[in-house]
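Colleague: Have a look at this one before I ask anything.
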Amino acid sequence: MENNMFDVVVFDMDGVITRTALVHGKAWKACFDEYLRLREKRDNEPFREFTHENDYLPYVDGKPRYEGVKSFLGSRGIKIPYGEPSDGPDKETACGLGNRKNEIFVEILERDGVGVYESTIELIKELNAAGIKTGVASSSKNCELILKKAGVQGLFGSRVDGVISARLSLKGKPEGDIFVRAARELGAEPARSVVVEDAVSGVQAGRNGGFGMVIGVARENNTDDLLSNGADVAVKDLEEIGVDCIRKWFMREPRPLFACWSDAAGAPYDGRTCRDTCGIGGVLNPVYTRTADKAFFSGKEPVFFLDYDGTLTPIVDRPDMAVVSGDMKATVEALAKRYKVAVVSGRFREDVEGLLGVKGIFYAGSHGLDISGPGFSMVEKRAREAVPAVDELIRVFKDRLGGIEGLIVEEKKFSVAVHYRLVDEGAHLARIREVVYAEAAKYPTMKVMDGKKVFEVLPDIDWDKGKAIRWIMNALDIPWNGVSVIYIGDDVTDEYAFRSIRTRGTGILVSTESRPSCSDFKVGTPEDVKVLFRKVLEDV
């Protein structure tokens, strides 16, 4: 995986860049206390003041303005109409109250101005000097005004705020839309980007967006909350982090799984600290120092998500030769009788379903674009729209590259894969790469993904194996904190899944090579995967 460097860091604004969290807290308190006093006087309801610890942090912090109103009022059992964003600040709707809060906020901002966290500004300057682009993503509709007031708007190459989110219909935190948008505006994928956040909903958004690193800034002494909700590391202040620290993070390699199993001879608990591993002075998420058995048996029931090629079967010269062994099939069947199991593959769904042949489990094909399982099925709408482009690319690749000995054009419904494992790479790889990228570029809705000896062209949408896992978890109503999610895979595309479950599950890479990965542990071969399954079945 070419993930040894990072391109972009996206910062939240309030509480990370600017000292506006206190201003927001004051404005929310003034707004809600004013409204609660009205209900006391009008409706004889007992007044209970809005507080920072009990109300602002759990219900409002990090959320879009109107969602923050709904969240807090819901916690008090108060129901009012949602209203419209154009509602006046005196209207008794969620939008009206949100607009009243904004009115108060702007008054305080204009009167008192806004300060910045100097350590954050220094880090941003260090990043920019090193050629790392920086962006800001905030739920605030006042983001542009605040950055201008603070005099720091020129430090960022992209800004995605509440105004832009509303215009583009982006989902708010804890979804990762605004961070993903900010990274892509800077020409980077989330995989090669970092999110810096101080709110629980923000670190959840970074995790859900599939970012390579999520840094939590624990200004509210909320280190444990940030770590338990998706932060890879939590720091008190960004003076504890530098460019080299982040680079080292992206070079992390998974630990050998069986050597980290607690009952293995000479296998000590890995108690490395964050400072030991990458030089950051903060607190490393405790999942990174678990023994391997704790990843499976932490008092929670495992849920298994498995790649197919290279995980359940060895990598073979031709895709049609990747037939699962009878022994592996029987082992997966035994696993599926005890636990929930899903296969998430780049193959066409019907293809992998027929090759494995295990009944009663979920199958996600085409990198999760096509999902089917007991009682549920889904095909991503935007994938259907790509079928004509895929059909044309299949025809072009066969026409322009079909004469190359050993080259295989694998036809899939929602993508096309050009395999060159059997090709003389010295003679033909440069041309294959040139043709694939040039033809794919003719379709703005498509993208190229490099895999193991394969180029795959698929829809350029915010969907991947990690998103497929989240879809299946939601479809089955499985809470992340109630189970032990395990993902096992071998390829570049599996890194999307590793990033998605990072800190809230366990990723296992199947590889004999030494390479950076977002997975937690590593085994060598599909035979080791089978041994792992049997170990899990025996140890329960």
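Chain labels A, B, ... are given in the sequence in which chains occur in the structure tokens; within each chain residues are numbered consecutively from 1, and ligands are likewise numbered from 1 in the order shown.
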Please identify all polymer residues within 6 Å of stretch 305-308 of chain A, counting only C-alpha atoms, omitting same-chain residues fewer than 2 positions from it, and present them as JSON, numbers by chain.
Modeller: {"A": [311, 312, 341, 342, 343, 344, 345, 487, 488, 489]}
Colleague: Keeping only all heavy atoms, write the selected residues as a tab-separated table (two decimals), in the first residue's frame.
Modeller:
chain	number	residue	atom	x	y	z
A	311	THR	N	-7.44	-14.01	0.87
A	311	THR	CA	-7.82	-14.16	2.28
A	311	THR	C	-8.39	-15.54	2.56
A	311	THR	O	-7.91	-16.26	3.44
A	311	THR	CB	-8.83	-13.07	2.68
A	311	THR	OG1	-8.23	-11.78	2.49
A	311	THR	CG2	-9.27	-13.21	4.12
A	312	LEU	N	-9.40	-15.92	1.80
A	312	LEU	CA	-9.96	-17.26	1.91
A	312	LEU	C	-9.35	-18.22	0.89
A	312	LEU	O	-9.43	-19.43	1.04
A	312	LEU	CB	-11.48	-17.22	1.75
A	312	LEU	CG	-12.24	-16.36	2.76
A	312	LEU	CD1	-13.74	-16.42	2.51
A	312	LEU	CD2	-11.91	-16.78	4.19
A	341	VAL	N	-21.33	-13.53	9.83
A	341	VAL	CA	-20.21	-13.50	8.89
A	341	VAL	C	-20.67	-12.82	7.60
A	341	VAL	O	-21.79	-13.05	7.12
A	341	VAL	CB	-19.71	-14.93	8.57
A	341	VAL	CG1	-18.65	-14.89	7.46
A	341	VAL	CG2	-19.15	-15.59	9.82
A	342	ALA	N	-19.80	-11.98	7.04
A	342	ALA	CA	-20.07	-11.36	5.74
A	342	ALA	C	-18.78	-11.40	4.92
A	342	ALA	O	-17.68	-11.25	5.46
A	342	ALA	CB	-20.53	-9.91	5.91
A	343	VAL	N	-18.92	-11.60	3.62
A	343	VAL	CA	-17.78	-11.56	2.70
A	343	VAL	C	-17.89	-10.25	1.91
A	343	VAL	O	-18.93	-9.97	1.31
A	343	VAL	CB	-17.77	-12.77	1.75
A	343	VAL	CG1	-16.66	-12.63	0.72
A	343	VAL	CG2	-17.59	-14.05	2.55
A	344	VAL	N	-16.82	-9.46	1.93
A	344	VAL	CA	-16.80	-8.17	1.24
A	344	VAL	C	-15.67	-8.22	0.21
A	344	VAL	O	-14.50	-8.22	0.56
A	344	VAL	CB	-16.56	-7.01	2.24
A	344	VAL	CG1	-16.68	-5.67	1.53
A	344	VAL	CG2	-17.56	-7.10	3.40
A	345	SER	N	-16.05	-8.28	-1.06
A	345	SER	CA	-15.08	-8.57	-2.11
A	345	SER	C	-15.16	-7.55	-3.24
A	345	SER	O	-16.19	-6.91	-3.45
A	345	SER	CB	-15.34	-9.97	-2.67
A	345	SER	OG	-14.56	-10.24	-3.81
A	487	TYR	N	-12.21	-7.49	10.68
A	487	TYR	CA	-12.11	-7.50	9.21
A	487	TYR	C	-10.76	-8.09	8.82
A	487	TYR	O	-9.72	-7.71	9.34
A	487	TYR	CB	-12.23	-6.09	8.61
A	487	TYR	CG	-12.23	-6.15	7.10
A	487	TYR	CD1	-13.43	-6.32	6.41
A	487	TYR	CD2	-11.05	-6.10	6.37
A	487	TYR	CE1	-13.45	-6.43	5.02
A	487	TYR	CE2	-11.06	-6.20	4.98
A	487	TYR	CZ	-12.26	-6.38	4.31
A	487	TYR	OH	-12.27	-6.50	2.95
A	488	ILE	N	-10.81	-9.04	7.85
A	488	ILE	CA	-9.59	-9.70	7.39
A	488	ILE	C	-9.49	-9.52	5.88
A	488	ILE	O	-10.41	-9.87	5.14
A	488	ILE	CB	-9.60	-11.20	7.74
A	488	ILE	CG1	-9.91	-11.41	9.23
A	488	ILE	CG2	-8.25	-11.84	7.39
A	488	ILE	CD1	-10.01	-12.86	9.65
A	489	GLY	N	-8.37	-8.98	5.41
A	489	GLY	CA	-8.18	-8.76	3.99
A	489	GLY	C	-6.71	-8.61	3.64
A	489	GLY	O	-5.86	-8.46	4.52
Colleague: How close does stretch 147-229 of chain A get to stretch 37-60 of chain A? List, as a Markdown table, each residue of stretch 147-229 of chain A within 12 Å, its nearest atom pair and the distance in Å to one decimal, counting only C-alpha atoms.
Modeller:
| residue | atom | partner | partner_atom | distance |
| --- | --- | --- | --- | --- |
| A:Lys173 | CA | A:Val60 | CA | 11.3 |
| A:Asp198 | CA | A:Leu57 | CA | 10.7 |
| A:Ala199 | CA | A:Leu57 | CA | 8.2 |
| A:Val200 | CA | A:Pro58 | CA | 8.6 |
| A:Ser201 | CA | A:Pro58 | CA | 9.5 |
| A:Gly202 | CA | A:Val60 | CA | 11.9 |
| A:Arg219 | CA | A:Leu57 | CA | 11.6 |
| A:Glu220 | CA | A:Leu57 | CA | 8.8 |
| A:Asn221 | CA | A:Glu53 | CA | 11.1 |
| A:Asn222 | CA | A:Leu57 | CA | 9.9 |
| A:Asp225 | CA | A:Pro58 | CA | 10.6 |
Colleague: Got a sec: who's within 12 Å of stretch 453-455 of chain A, counting only C-alpha atoms, leaving out chain neighbours fewer than 5 positions off, as a tab-separated table (two decimals) with all heavy atoms, in the first residue's frame?
Modeller:
chain	number	residue	atom	x	y	z
A	315	ILE	N	-3.81	-16.07	-3.76
A	315	ILE	CA	-3.82	-15.32	-5.02
A	315	ILE	C	-3.37	-16.26	-6.13
A	315	ILE	O	-2.36	-16.97	-6.02
A	315	ILE	CB	-2.89	-14.11	-4.96
A	315	ILE	CG1	-3.43	-13.10	-3.94
A	315	ILE	CG2	-2.74	-13.46	-6.31
A	315	ILE	CD1	-4.75	-12.46	-4.31
A	316	VAL	N	-4.15	-16.30	-7.22
A	316	VAL	CA	-3.86	-17.19	-8.34
A	316	VAL	C	-3.69	-16.37	-9.61
A	316	VAL	O	-3.99	-15.18	-9.64
A	316	VAL	CB	-4.97	-18.25	-8.52
A	316	VAL	CG1	-5.00	-19.21	-7.34
A	316	VAL	CG2	-6.34	-17.58	-8.67
A	317	ASP	N	-3.21	-17.04	-10.66
A	317	ASP	CA	-2.91	-16.33	-11.91
A	317	ASP	C	-4.15	-15.80	-12.60
A	317	ASP	O	-4.12	-14.75	-13.23
A	317	ASP	CB	-2.14	-17.25	-12.86
A	317	ASP	CG	-0.73	-17.54	-12.37
A	317	ASP	OD1	-0.22	-16.75	-11.55
A	317	ASP	OD2	-0.15	-18.55	-12.80
A	318	ARG	N	-5.24	-16.55	-12.51
A	318	ARG	CA	-6.48	-16.14	-13.19
A	318	ARG	C	-7.61	-16.07	-12.17
A	318	ARG	O	-7.74	-16.95	-11.30
A	318	ARG	CB	-6.85	-17.15	-14.29
A	318	ARG	CG	-5.81	-17.29	-15.40
A	318	ARG	CD	-6.31	-18.29	-16.45
A	318	ARG	NE	-7.57	-17.86	-17.03
A	318	ARG	CZ	-7.68	-17.05	-18.08
A	318	ARG	NH1	-6.59	-16.60	-18.68
A	318	ARG	NH2	-8.86	-16.70	-18.55
A	319	PRO	N	-8.48	-15.06	-12.25
A	319	PRO	CA	-9.57	-14.91	-11.28
A	319	PRO	C	-10.48	-16.12	-11.20
A	319	PRO	O	-10.97	-16.47	-10.11
A	319	PRO	CB	-10.34	-13.69	-11.81
A	319	PRO	CG	-9.35	-12.92	-12.60
A	319	PRO	CD	-8.44	-13.94	-13.22
A	346	GLY	N	-14.07	-7.45	-3.98
A	346	GLY	CA	-14.08	-6.64	-5.20
A	346	GLY	C	-14.73	-7.36	-6.35
A	346	GLY	O	-15.06	-6.75	-7.38
A	397	PHE	N	-11.01	-1.55	-23.66
A	397	PHE	CA	-9.84	-2.25	-23.14
A	397	PHE	C	-9.57	-3.54	-23.93
A	397	PHE	O	-8.41	-3.88	-24.21
A	397	PHE	CB	-10.03	-2.58	-21.66
A	397	PHE	CG	-9.99	-1.37	-20.76
A	397	PHE	CD1	-10.62	-1.39	-19.52
A	397	PHE	CD2	-9.33	-0.21	-21.13
A	397	PHE	CE1	-10.60	-0.29	-18.68
A	397	PHE	CE2	-9.30	0.91	-20.31
A	397	PHE	CZ	-9.94	0.86	-19.08
A	406	GLY	N	-1.28	-12.74	-21.98
A	406	GLY	CA	-1.45	-12.87	-20.54
A	406	GLY	C	-2.39	-11.87	-19.91
A	406	GLY	O	-2.80	-12.04	-18.76
A	407	LEU	N	-2.76	-10.81	-20.62
A	407	LEU	CA	-3.64	-9.80	-20.04
A	407	LEU	C	-5.07	-10.31	-19.97
A	407	LEU	O	-5.57	-10.95	-20.90
A	407	LEU	CB	-3.58	-8.51	-20.86
A	407	LEU	CG	-4.41	-7.35	-20.27
A	407	LEU	CD1	-3.57	-6.09	-20.20
A	407	LEU	CD2	-5.66	-7.09	-21.10
A	408	ILE	N	-5.74	-10.03	-18.86
A	408	ILE	CA	-7.12	-10.47	-18.66
A	408	ILE	C	-7.99	-9.25	-18.35
A	408	ILE	O	-7.68	-8.47	-17.44
A	408	ILE	CB	-7.23	-11.47	-17.49
A	408	ILE	CG1	-6.38	-12.72	-17.77
A	408	ILE	CG2	-8.69	-11.86	-17.24
A	408	ILE	CD1	-6.25	-13.63	-16.57
A	409	VAL	N	-9.04	-9.07	-19.12
A	409	VAL	CA	-10.03	-8.03	-18.85
A	409	VAL	C	-11.21	-8.71	-18.17
A	409	VAL	O	-11.96	-9.46	-18.80
A	409	VAL	CB	-10.48	-7.32	-20.14
A	409	VAL	CG1	-11.57	-6.28	-19.81
A	409	VAL	CG2	-9.30	-6.64	-20.82
A	410	GLU	N	-11.35	-8.49	-16.87
A	410	GLU	CA	-12.42	-9.11	-16.09
A	410	GLU	C	-13.65	-8.21	-16.12
A	410	GLU	O	-13.63	-7.07	-15.66
A	410	GLU	CB	-11.97	-9.34	-14.65
A	410	GLU	CG	-13.01	-10.08	-13.81
A	410	GLU	CD	-12.60	-10.23	-12.35
A	410	GLU	OE1	-11.54	-9.67	-11.96
A	410	GLU	OE2	-13.34	-10.89	-11.60
A	415	SER	N	-17.94	-2.47	-12.58
A	415	SER	CA	-16.55	-2.08	-12.76
A	415	SER	C	-15.90	-3.04	-13.75
A	415	SER	O	-16.47	-4.05	-14.14
A	415	SER	CB	-15.80	-2.13	-11.42
A	415	SER	OG	-15.72	-3.45	-10.93
A	416	VAL	N	-14.67	-2.67	-14.15
A	416	VAL	CA	-13.90	-3.53	-15.04
A	416	VAL	C	-12.48	-3.59	-14.50
A	416	VAL	O	-11.90	-2.58	-14.12
A	416	VAL	CB	-13.91	-3.03	-16.50
A	416	VAL	CG1	-13.52	-1.57	-16.58
A	416	VAL	CG2	-12.99	-3.88	-17.37
A	417	ALA	N	-11.94	-4.81	-14.42
A	417	ALA	CA	-10.59	-5.01	-13.88
A	417	ALA	C	-9.66	-5.50	-14.99
A	417	ALA	O	-10.00	-6.43	-15.73
A	417	ALA	CB	-10.63	-6.02	-12.74
A	418	VAL	N	-8.50	-4.86	-15.09
A	418	VAL	CA	-7.49	-5.25	-16.08
A	418	VAL	C	-6.33	-5.91	-15.32
A	418	VAL	O	-5.55	-5.24	-14.65
A	418	VAL	CB	-6.99	-4.03	-16.88
A	418	VAL	CG1	-5.93	-4.45	-17.88
A	418	VAL	CG2	-8.16	-3.34	-17.58
A	419	HIS	N	-6.24	-7.24	-15.41
A	419	HIS	CA	-5.23	-8.01	-14.69
A	419	HIS	C	-3.98	-8.18	-15.55
A	419	HIS	O	-4.07	-8.56	-16.71
A	419	HIS	CB	-5.78	-9.40	-14.34
A	419	HIS	CG	-6.96	-9.39	-13.43
A	419	HIS	ND1	-6.85	-9.51	-12.06
A	419	HIS	CD2	-8.30	-9.27	-13.70
A	419	HIS	CE1	-8.07	-9.47	-11.51
A	419	HIS	NE2	-8.96	-9.33	-12.48
A	420	TYR	N	-2.82	-7.93	-14.93
A	420	TYR	CA	-1.56	-8.08	-15.68
A	420	TYR	C	-0.58	-9.02	-14.98
A	420	TYR	O	0.62	-8.98	-15.23
A	420	TYR	CB	-0.92	-6.72	-15.94
A	420	TYR	CG	-0.64	-5.88	-14.72
A	420	TYR	CD1	0.59	-5.98	-14.05
A	420	TYR	CD2	-1.57	-4.96	-14.24
A	420	TYR	CE1	0.87	-5.21	-12.94
A	420	TYR	CE2	-1.30	-4.18	-13.13
A	420	TYR	CZ	-0.07	-4.30	-12.48
A	420	TYR	OH	0.20	-3.54	-11.37
A	421	ARG	N	-1.07	-9.90	-14.12
A	421	ARG	CA	-0.20	-10.82	-13.39
A	421	ARG	C	0.60	-11.73	-14.33
A	421	ARG	O	1.73	-12.10	-14.06
A	421	ARG	CB	-1.04	-11.66	-12.41
A	421	ARG	CG	-0.23	-12.63	-11.55
A	421	ARG	CD	-1.10	-13.26	-10.49
A	421	ARG	NE	-1.64	-12.26	-9.59
A	421	ARG	CZ	-0.98	-11.78	-8.54
A	421	ARG	NH1	0.24	-12.20	-8.27
A	421	ARG	NH2	-1.52	-10.87	-7.77
A	422	LEU	N	-0.01	-12.11	-15.48
A	422	LEU	CA	0.65	-13.02	-16.42
A	422	LEU	C	1.34	-12.29	-17.57
A	422	LEU	O	1.79	-12.91	-18.52
A	422	LEU	CB	-0.39	-14.00	-16.98
A	422	LEU	CG	-1.12	-14.89	-15.95
A	422	LEU	CD1	-2.18	-15.73	-16.63
A	422	LEU	CD2	-0.13	-15.75	-15.20
A	423	VAL	N	1.41	-10.96	-17.45
A	423	VAL	CA	1.97	-10.14	-18.53
A	423	VAL	C	3.46	-9.90	-18.30
A	423	VAL	O	3.93	-9.81	-17.16
A	423	VAL	CB	1.21	-8.80	-18.61
A	423	VAL	CG1	1.91	-7.82	-19.54
A	423	VAL	CG2	-0.23	-9.03	-19.07
A	424	ASP	N	4.22	-9.76	-19.38
A	424	ASP	CA	5.61	-9.32	-19.31
A	424	ASP	C	5.58	-7.83	-18.97
A	424	ASP	O	5.40	-6.98	-19.85
A	424	ASP	CB	6.31	-9.56	-20.66
A	424	ASP	CG	7.77	-9.13	-20.65
A	424	ASP	OD1	8.17	-8.39	-19.74
A	424	ASP	OD2	8.50	-9.53	-21.57
A	425	GLU	N	5.76	-7.51	-17.69
A	425	GLU	CA	5.57	-6.13	-17.23
A	425	GLU	C	6.59	-5.18	-17.86
A	425	GLU	O	6.27	-4.04	-18.19
A	425	GLU	CB	5.65	-6.07	-15.71
A	425	GLU	CG	4.51	-6.80	-15.01
A	425	GLU	CD	4.54	-6.62	-13.51
A	425	GLU	OE1	5.06	-5.58	-13.04
A	425	GLU	OE2	4.06	-7.51	-12.79
A	429	LEU	N	3.71	-3.07	-19.20
A	429	LEU	CA	3.00	-2.43	-18.09
A	429	LEU	C	2.79	-0.93	-18.31
A	429	LEU	O	1.70	-0.41	-18.03
A	429	LEU	CB	3.74	-2.66	-16.76
A	429	LEU	CG	3.07	-2.05	-15.52
A	429	LEU	CD1	1.63	-2.53	-15.38
A	429	LEU	CD2	3.88	-2.37	-14.27
A	432	ILE	N	-0.11	-0.46	-20.63
A	432	ILE	CA	-1.37	-0.84	-19.99
A	432	ILE	C	-1.83	0.28	-19.06
A	432	ILE	O	-3.00	0.70	-19.09
A	432	ILE	CB	-1.21	-2.16	-19.21
A	432	ILE	CG1	-0.92	-3.32	-20.16
A	432	ILE	CG2	-2.47	-2.45	-18.39
A	432	ILE	CD1	-0.49	-4.60	-19.46
A	433	ARG	N	-0.92	0.76	-18.23
A	433	ARG	CA	-1.26	1.83	-17.30
A	433	ARG	C	-1.73	3.09	-18.05
A	433	ARG	O	-2.74	3.70	-17.70
A	433	ARG	CB	-0.04	2.18	-16.43
A	433	ARG	CG	-0.32	3.27	-15.40
A	433	ARG	CD	0.98	3.72	-14.73
A	433	ARG	NE	1.62	2.63	-14.03
A	433	ARG	CZ	1.35	2.28	-12.77
A	433	ARG	NH1	0.44	2.97	-12.09
A	433	ARG	NH2	1.98	1.27	-12.20
A	434	GLU	N	-1.02	3.44	-19.11
A	434	GLU	CA	-1.36	4.63	-19.88
A	434	GLU	C	-2.76	4.52	-20.48
A	434	GLU	O	-3.56	5.45	-20.41
A	434	GLU	CB	-0.33	4.83	-21.00
A	434	GLU	CG	-0.61	6.04	-21.88
A	434	GLU	CD	0.36	6.16	-23.05
A	434	GLU	OE1	1.28	5.31	-23.16
A	434	GLU	OE2	0.18	7.08	-23.86
A	435	VAL	N	-3.06	3.38	-21.08
A	435	VAL	CA	-4.37	3.18	-21.71
A	435	VAL	C	-5.48	3.21	-20.67
A	435	VAL	O	-6.52	3.87	-20.85
A	435	VAL	CB	-4.40	1.85	-22.50
A	435	VAL	CG1	-5.83	1.53	-22.94
A	435	VAL	CG2	-3.48	1.94	-23.71
A	436	VAL	N	-5.29	2.49	-19.56
A	436	VAL	CA	-6.34	2.42	-18.53
A	436	VAL	C	-6.64	3.81	-17.99
A	436	VAL	O	-7.81	4.23	-17.91
A	436	VAL	CB	-5.93	1.47	-17.39
A	436	VAL	CG1	-6.90	1.61	-16.21
A	436	VAL	CG2	-5.90	0.02	-17.87
A	437	TYR	N	-5.61	4.55	-17.62
A	437	TYR	CA	-5.83	5.87	-17.03
A	437	TYR	C	-6.38	6.86	-18.06
A	437	TYR	O	-7.26	7.69	-17.73
A	437	TYR	CB	-4.54	6.40	-16.41
A	437	TYR	CG	-4.33	5.93	-14.99
A	437	TYR	CD1	-3.67	4.72	-14.73
A	437	TYR	CD2	-4.80	6.67	-13.91
A	437	TYR	CE1	-3.48	4.28	-13.42
A	437	TYR	CE2	-4.62	6.24	-12.60
A	437	TYR	CZ	-3.96	5.04	-12.37
A	437	TYR	OH	-3.78	4.61	-11.07
A	440	ALA	N	-10.11	5.88	-18.76
A	440	ALA	CA	-10.95	6.16	-17.59
A	440	ALA	C	-11.16	7.65	-17.42
A	440	ALA	O	-12.23	8.09	-16.98
A	440	ALA	CB	-10.32	5.56	-16.34
A	447	LYS	N	-13.23	6.24	-11.66
A	447	LYS	CA	-11.88	6.39	-11.10
A	447	LYS	C	-11.12	5.08	-11.27
A	447	LYS	O	-11.72	4.02	-11.48
A	447	LYS	CB	-11.94	6.75	-9.62
A	447	LYS	CG	-12.52	5.66	-8.72
A	447	LYS	CD	-12.57	6.11	-7.26
A	447	LYS	CE	-13.21	5.02	-6.39
A	447	LYS	NZ	-13.29	5.45	-4.96
A	448	VAL	N	-9.79	5.15	-11.17
A	448	VAL	CA	-8.93	3.98	-11.28
A	448	VAL	C	-8.39	3.63	-9.90
A	448	VAL	O	-7.94	4.50	-9.16
A	448	VAL	CB	-7.75	4.21	-12.24
A	448	VAL	CG1	-6.90	2.95	-12.35
A	448	VAL	CG2	-8.26	4.63	-13.62
A	491	ASP	N	-5.58	-6.81	0.39
A	491	ASP	CA	-5.26	-5.92	-0.72
A	491	ASP	C	-5.38	-4.45	-0.34
A	491	ASP	O	-5.85	-4.10	0.75
A	491	ASP	CB	-6.20	-6.22	-1.90
A	491	ASP	CG	-5.61	-5.81	-3.24
A	491	ASP	OD1	-4.55	-5.17	-3.26
A	491	ASP	OD2	-6.23	-6.12	-4.28
A	492	VAL	N	-4.99	-3.59	-1.27
A	492	VAL	CA	-5.09	-2.15	-1.08
A	492	VAL	C	-6.52	-1.74	-0.78
A	492	VAL	O	-6.77	-0.88	0.09
A	492	VAL	CB	-4.58	-1.41	-2.33
A	492	VAL	CG1	-4.82	0.09	-2.21
A	492	VAL	CG2	-3.09	-1.68	-2.55
A	493	THR	N	-7.49	-2.33	-1.46
A	493	THR	CA	-8.89	-1.96	-1.26
A	493	THR	C	-9.38	-2.31	0.14
A	493	THR	O	-10.35	-1.73	0.62
A	493	THR	CB	-9.78	-2.65	-2.30
A	493	THR	OG1	-9.64	-4.07	-2.18
A	493	THR	CG2	-9.40	-2.23	-3.71
Colleague: Report as a compact mmCIF listing (two decimals) with N, CA, C and O atoms, in the first residue's frame all protein, DNA and RNA residues lying within 10 Å of stretch 62-64 of chain A, evaluated on only C-alpha atoms, omitting residues in the same chain fewer than 5 positions from it.
Modeller:
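Dumped everything to result_10.txt:
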# COMPACT_ATOMS: atom_id res chain seq x y z
N ASP A 12 -10.90 20.93 12.43
CA ASP A 12 -12.12 21.55 12.92
C ASP A 12 -11.75 22.97 13.35
O ASP A 12 -10.56 23.27 13.59
N MET A 13 -12.72 23.85 13.47
CA MET A 13 -12.40 25.24 13.82
C MET A 13 -12.59 25.51 15.31
O MET A 13 -11.62 25.75 16.03
N ASP A 14 -13.84 25.45 15.78
CA ASP A 14 -14.14 25.81 17.16
C ASP A 14 -13.42 24.88 18.13
O ASP A 14 -13.61 23.66 18.09
N GLY A 15 -12.61 25.44 18.99
CA GLY A 15 -11.93 24.64 20.00
C GLY A 15 -10.64 24.00 19.52
O GLY A 15 -9.89 23.44 20.32
N ALA A 21 -15.12 28.11 21.29
CA ALA A 21 -15.99 27.18 22.02
C ALA A 21 -16.66 27.89 23.19
O ALA A 21 -17.86 27.69 23.45
N TYR A 56 -24.27 21.41 27.07
CA TYR A 56 -23.54 21.82 25.86
C TYR A 56 -22.67 20.70 25.30
O TYR A 56 -22.74 20.38 24.11
N LEU A 57 -21.86 20.09 26.14
CA LEU A 57 -20.93 19.07 25.65
C LEU A 57 -21.64 17.83 25.09
O LEU A 57 -21.33 17.39 23.99
N VAL A 69 -30.05 22.26 18.52
CA VAL A 69 -31.30 22.65 19.19
C VAL A 69 -32.17 21.42 19.42
O VAL A 69 -32.68 21.19 20.53
N SER A 71 -31.33 18.31 19.56
CA SER A 71 -30.71 17.38 20.49
C SER A 71 -30.92 17.82 21.94
O SER A 71 -31.32 17.01 22.79
N GLY A 98 -32.32 28.32 16.80
CA GLY A 98 -30.95 28.28 16.28
C GLY A 98 -30.53 29.64 15.73
O GLY A 98 -29.39 30.07 15.92
N SER A 138 -16.06 22.76 9.34
CA SER A 138 -16.80 23.17 10.54
C SER A 138 -18.29 23.14 10.27
O SER A 138 -18.74 23.38 9.15
N SER A 139 -19.05 22.83 11.31
CA SER A 139 -20.50 22.89 11.19
C SER A 139 -21.02 24.32 11.23
O SER A 139 -22.17 24.58 10.89
N SER A 140 -20.16 25.26 11.64
CA SER A 140 -20.58 26.64 11.84
C SER A 140 -20.86 27.36 10.53
O SER A 140 -20.07 27.30 9.59
N LYS A 141 -21.98 28.08 10.49
CA LYS A 141 -22.28 28.93 9.35
C LYS A 141 -21.54 30.27 9.46
O LYS A 141 -21.56 31.06 8.52
N ASP A 161 -17.96 24.69 5.41
CA ASP A 161 -18.64 25.11 6.64
C ASP A 161 -20.14 24.85 6.53
O ASP A 161 -20.61 24.19 5.60
N GLY A 162 -20.88 25.39 7.50
CA GLY A 162 -22.32 25.15 7.53
C GLY A 162 -23.05 25.70 6.32
O GLY A 162 -24.04 25.11 5.86
N SER A 165 -22.18 23.30 3.44
CA SER A 165 -22.85 22.01 3.69
C SER A 165 -24.31 22.07 3.30
O SER A 165 -24.84 21.13 2.70
N LYS A 171 -24.10 15.76 4.78
CA LYS A 171 -24.56 15.32 6.09
C LYS A 171 -23.62 15.87 7.17
O LYS A 171 -22.42 15.96 6.98
N GLY A 172 -24.20 16.22 8.30
CA GLY A 172 -23.41 16.74 9.40
C GLY A 172 -22.74 15.64 10.20
O GLY A 172 -22.99 14.45 10.00
N LYS A 173 -21.89 16.04 11.13
CA LYS A 173 -21.25 15.08 12.02
C LYS A 173 -22.33 14.33 12.80
O LYS A 173 -23.35 14.93 13.14
N PRO A 174 -22.16 13.03 13.04
CA PRO A 174 -20.93 12.23 12.97
C PRO A 174 -20.63 11.62 11.60
O PRO A 174 -19.71 10.82 11.50
N GLU A 197 -9.80 17.13 15.63
CA GLU A 197 -11.11 17.47 16.20
C GLU A 197 -11.04 17.49 17.71
O GLU A 197 -10.21 16.81 18.32
N ASP A 198 -11.96 18.25 18.32
CA ASP A 198 -12.04 18.27 19.78
C ASP A 198 -13.36 17.75 20.30
O ASP A 198 -13.54 17.64 21.52
N ALA A 199 -14.29 17.42 19.41
CA ALA A 199 -15.62 16.96 19.83
C ALA A 199 -15.81 15.48 19.48
O ALA A 199 -15.25 14.98 18.51
N VAL A 200 -16.60 14.81 20.30
CA VAL A 200 -16.88 13.39 20.07
C VAL A 200 -17.49 13.17 18.69
O VAL A 200 -17.08 12.27 17.94
N SER A 201 -18.47 14.00 18.31
CA SER A 201 -19.10 13.84 17.00
C SER A 201 -18.08 14.05 15.88
O SER A 201 -18.19 13.46 14.81
N GLY A 202 -17.07 14.88 16.12
CA GLY A 202 -16.06 15.15 15.12
C GLY A 202 -15.11 13.98 14.90
O GLY A 202 -14.77 13.65 13.77
N VAL A 203 -14.64 13.34 16.00
CA VAL A 203 -13.77 12.19 15.82
C VAL A 203 -14.55 11.02 15.22
O VAL A 203 -14.01 10.24 14.43
Colleague: Tell me, in Å to one decimal, how far atom CA of A:Thr93 is from atom CA of A:Ile80.
Modeller: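 Calculated distance between atom CA of A:Thr93 and atom CA of A:Ile80 is 5.7 Å.
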